[in-house]
Amino acid sequence: MSTATQVIGIASGKGGVGKTTVAVNLAVALQMSGKRVMLFDADLGLANAQIALGVRCPYNLSHFLSGEKTLSEIIVTTRQGVQLVPGASGMYEMAGLSELQAASIVQAFSSLENEVDFLIVDMAAGISPYVLAFMSACAKRFVVVRDDPSSIADAYGTIKVMIQDFGLDNIYLIANGMNSQGEGRQLFERINQVCARFLDHTIQYLGTIEQDEMILGALKKYQAVLEYAPGSSAARDFRLLAKETEGLAVDDSLSGGMQFFVERLVQTRS
């Protein structure tokens with residue numbers, strides 16, 4: 001893959017905060033803006049990006065891990081133009097993926113010849129070893145949070161582990177399901193103040209997705225909200241999020257792209 005590939009991990013402290021919705025719609029928004037995008041559904045126990053994108057996947061990551069298929073053979077191009085690497089839904093053993101298996105997946109990515117500008121990795125919720133292995137291997141980390149106590153506590157816990165146990169930086173917060181842009185910014189400020197006080201580390205603000213019933217309507221139609229309701233506030237917010245993502249600085253000190261993805265994963269276990 002191109003060394004210019006930017007690898008972004010999208011995580012959340014707990015499930016049900018709209019992480020996959022954010023990952024899918026960000027991928028589609030970037031693709032619509034002219035970027036080449038690959039979405040890796042790494043939520044390996046409850047993989048549902050393919051449902052949200054309205055695409056049928058004959059094979060998935062379990063076929064790759066068993067050796068039945070290569071990574072290239074399981075990739076599906078969606079009608080939006082996004083290249084999807086489907087996870088394996090409802091398979092208990094996939095949810096318990098080991099760090100060694102995570103490494104084999106990452107190494108397979110490095111050998112792909114598909115030229116993409118962005119690889120978006122949709123993580124499982126929480127902080128299992130393979131989630132942290134993947135997050136360590138990404139160049140940038142987006143954490144999705146809602147304004148409820150358990151979501152905030154779990155998002156902070158995830159950020160704390162990434163910073164204190166793994167020494168990670170380039171952590172960005174996305175406030176989801178907010179009543180306004182201002183409330184999303186305030187939520188970020190509250191979480192960032194706690195990070196600064198107790199972790200001696202600050203995170204960065206990426207954007208806010210406002211509450212919009214069109215998101216649920218899009219999910220019911222197996223579409224991205226940018227297709228289903230392009231004039232909606234949610235579609236506007238995802239276009240803004242894509243613009244902010246495109247504007248993030250690329251760290252030239254890194255070896256870049258997929259090779260970086262592999263090297264970081266190897267470093268975390270050496």
# chains A, B, ... in the order shown; residues from 1 in each chain; ligands from 1
call {"tool": "residues_around", "arguments": {"residues": "segment 152-154 of chain A", "least_positions_apart": "5", "cutoff": "9 Å", "atoms": "only C-alpha atoms", "output": "JSON list (two decimals) with C-alpha atoms, in the first residue's frame"}}
result
[["chain", "number", "residue", "atom", "x", "y", "z"],
["A", 12, "SER", "CA", -15.26, 3.77, 22.22],
["A", 13, "GLY", "CA", -15.20, 2.88, 25.88],
["A", 14, "LYS", "CA", -18.56, 1.10, 25.69],
["A", 126, "GLY", "CA", -13.72, -1.58, 25.24],
["A", 145, "VAL", "CA", -18.39, 9.41, 23.27],
["A", 146, "ARG", "CA", -21.95, 10.31, 24.19],
["A", 147, "ASP", "CA", -23.02, 12.64, 26.98],
["A", 159, "ILE", "CA", -7.98, 7.06, 26.97],
["A", 187, "LEU", "CA", -18.30, 17.68, 26.60],
["A", 191, "ILE", "CA", -13.14, 15.20, 29.47]]
call {"tool": "residues_around", "arguments": {"residues": "Ala249 of chain A", "least_positions_apart": "5", "cutoff": "12 Å", "atoms": "only C-alpha atoms", "output": "PyMOL selection string"}}
result
chain A and resi 4+6+139-140+170+244+254
call {"tool": "write_last_selection", "arguments": {"atoms": "C-alpha atoms", "output": "compact mmCIF listing (two decimals), in the first residue's frame"}}
result
# COMPACT_ATOMS: atom_id res chain seq x y z
CA ALA A 4 0.77 8.02 2.21
CA GLN A 6 -3.31 7.46 6.89
CA ALA A 139 -1.31 6.65 13.49
CA LYS A 140 -4.34 8.48 14.87
CA ASN A 170 -2.73 11.63 18.64
CA GLU A 244 -11.25 17.96 9.77
CA LEU A 254 6.69 7.83 10.76
call {"tool": "select_by_dssp", "arguments": {"residues": "segment 199-229 of chain A", "states": "strand (DSSP E or B)", "output": "list in words"}}
result
Gln204, Tyr205, Leu206, Gly207, Thr208, Ile209 and Glu210 of chain A
call {"tool": "write_last_selection", "arguments": {"atoms": "N, CA and C atoms", "output": "short mmCIF file (atom, residue, chain, number, x, y, z; two decimals), in the first residue's frame"}}
result
data_model
loop_
_atom_site.label_atom_id
_atom_site.label_comp_id
_atom_site.auth_asym_id
_atom_site.auth_seq_id
_atom_site.Cartn_x
_atom_site.Cartn_y
_atom_site.Cartn_z
N GLN A 204 -7.33 15.86 21.87
CA GLN A 204 -7.72 16.89 20.92
C GLN A 204 -9.17 16.71 20.48
N TYR A 205 -9.77 17.79 20.07
CA TYR A 205 -11.18 17.79 19.66
C TYR A 205 -11.26 17.66 18.15
N LEU A 206 -12.07 16.70 17.67
CA LEU A 206 -12.22 16.54 16.23
C LEU A 206 -13.54 17.11 15.73
N GLY A 207 -14.63 16.83 16.45
CA GLY A 207 -15.91 17.35 15.99
C GLY A 207 -17.08 16.76 16.74
N THR A 208 -18.27 17.25 16.39
CA THR A 208 -19.52 16.84 17.03
C THR A 208 -20.52 16.38 15.98
N ILE A 209 -21.19 15.27 16.26
CA ILE A 209 -22.32 14.82 15.44
C ILE A 209 -23.58 15.09 16.24
N GLU A 210 -24.44 15.95 15.73
CA GLU A 210 -25.67 16.28 16.45
C GLU A 210 -26.69 15.15 16.33
#
call {"tool": "closest_atom_pairs", "arguments": {"of": "segment 67-140 of chain A", "to": "segment 29-44 of chain A", "cutoff": "6 Å", "atoms": "only C-alpha atoms", "output": "CSV"}}
result
residue,atom,partner,partner_atom,distance
A:Val82,CA,A:Val37,CA,5.4
A:Gln83,CA,A:Met38,CA,4.5
A:Leu84,CA,A:Leu39,CA,4.9
A:Val85,CA,A:Phe40,CA,4.7
A:Pro86,CA,A:Asp41,CA,5.4
A:Gly87,CA,A:Asp41,CA,5.0
A:Ala88,CA,A:Leu44,CA,5.4
A:Met94,CA,A:Leu44,CA,5.4
A:Ala95,CA,A:Leu44,CA,5.2
A:Val116,CA,A:Arg36,CA,4.7
A:Asp117,CA,A:Arg36,CA,5.1
A:Phe118,CA,A:Val37,CA,4.9
A:Leu119,CA,A:Met38,CA,4.8
A:Ile120,CA,A:Leu39,CA,4.8
A:Val121,CA,A:Phe40,CA,4.8
A:Asp122,CA,A:Asp41,CA,5.1
A:Met123,CA,A:Asp43,CA,4.9
A:Ala124,CA,A:Asp43,CA,4.0
call {"tool": "closest_residue", "arguments": {"among": "A:Ser151, A:Ser128, A:Ser104, A:Gln223", "to": "Thr78 of chain A", "atoms": "only C-alpha atoms"}}
result
A:Gln223
call {"tool": "closest_residue", "arguments": {"among": "A:Leu112, A:Ala224, A:Ala235, A:Ala155", "to": "Val55 of chain A", "atoms": "only C-alpha atoms"}}
result
A:Ala224
call {"tool": "atom_distance", "arguments": {"atom1": "atom CA of Thr21 of chain A", "atom2": "atom CA of Arg141 of chain A"}}
result
16.2 Å
call {"tool": "select_by_dssp", "arguments": {"residues": "segment 83-150 of chain A", "states": "helix (DSSP H, G or I)", "output": "list in words"}}
result
Tyr92, Glu93, Met94, Ala95, Glu99, Leu100, Gln101, Ala102, Ala103, Ser104, Ile105, Val106, Gln107, Ala108, Phe109, Ser110, Pro129, Tyr130, Val131, Leu132, Ala133, Phe134, Met135, Ser136, Ala137, Pro149 and Ser150 of chain A
call {"tool": "atom_distance", "arguments": {"atom1": "atom CA of Asn192 of chain A", "atom2": "atom CA of Met162 of chain A"}}
result
14.4 Å
call {"tool": "closest_residue", "arguments": {"among": "A:Gln181, A:Asn176, A:Gln211, A:Gln186", "to": "Gly16 of chain A", "atoms": "only C-alpha atoms"}}
result
A:Asn176
call {"tool": "atom_distance", "arguments": {"atom1": "atom CA of Pro149 of chain A", "atom2": "atom CA of Ile10 of chain A"}}
result
20.1 Å
call {"tool": "residues_around", "arguments": {"residues": "Tyr222 of chain A", "least_positions_apart": "6", "cutoff": "7 Å", "atoms": "only C-alpha atoms", "output": "list in words"}}
result
Ile51, Ala52, Leu53 and Gly54 of chain A
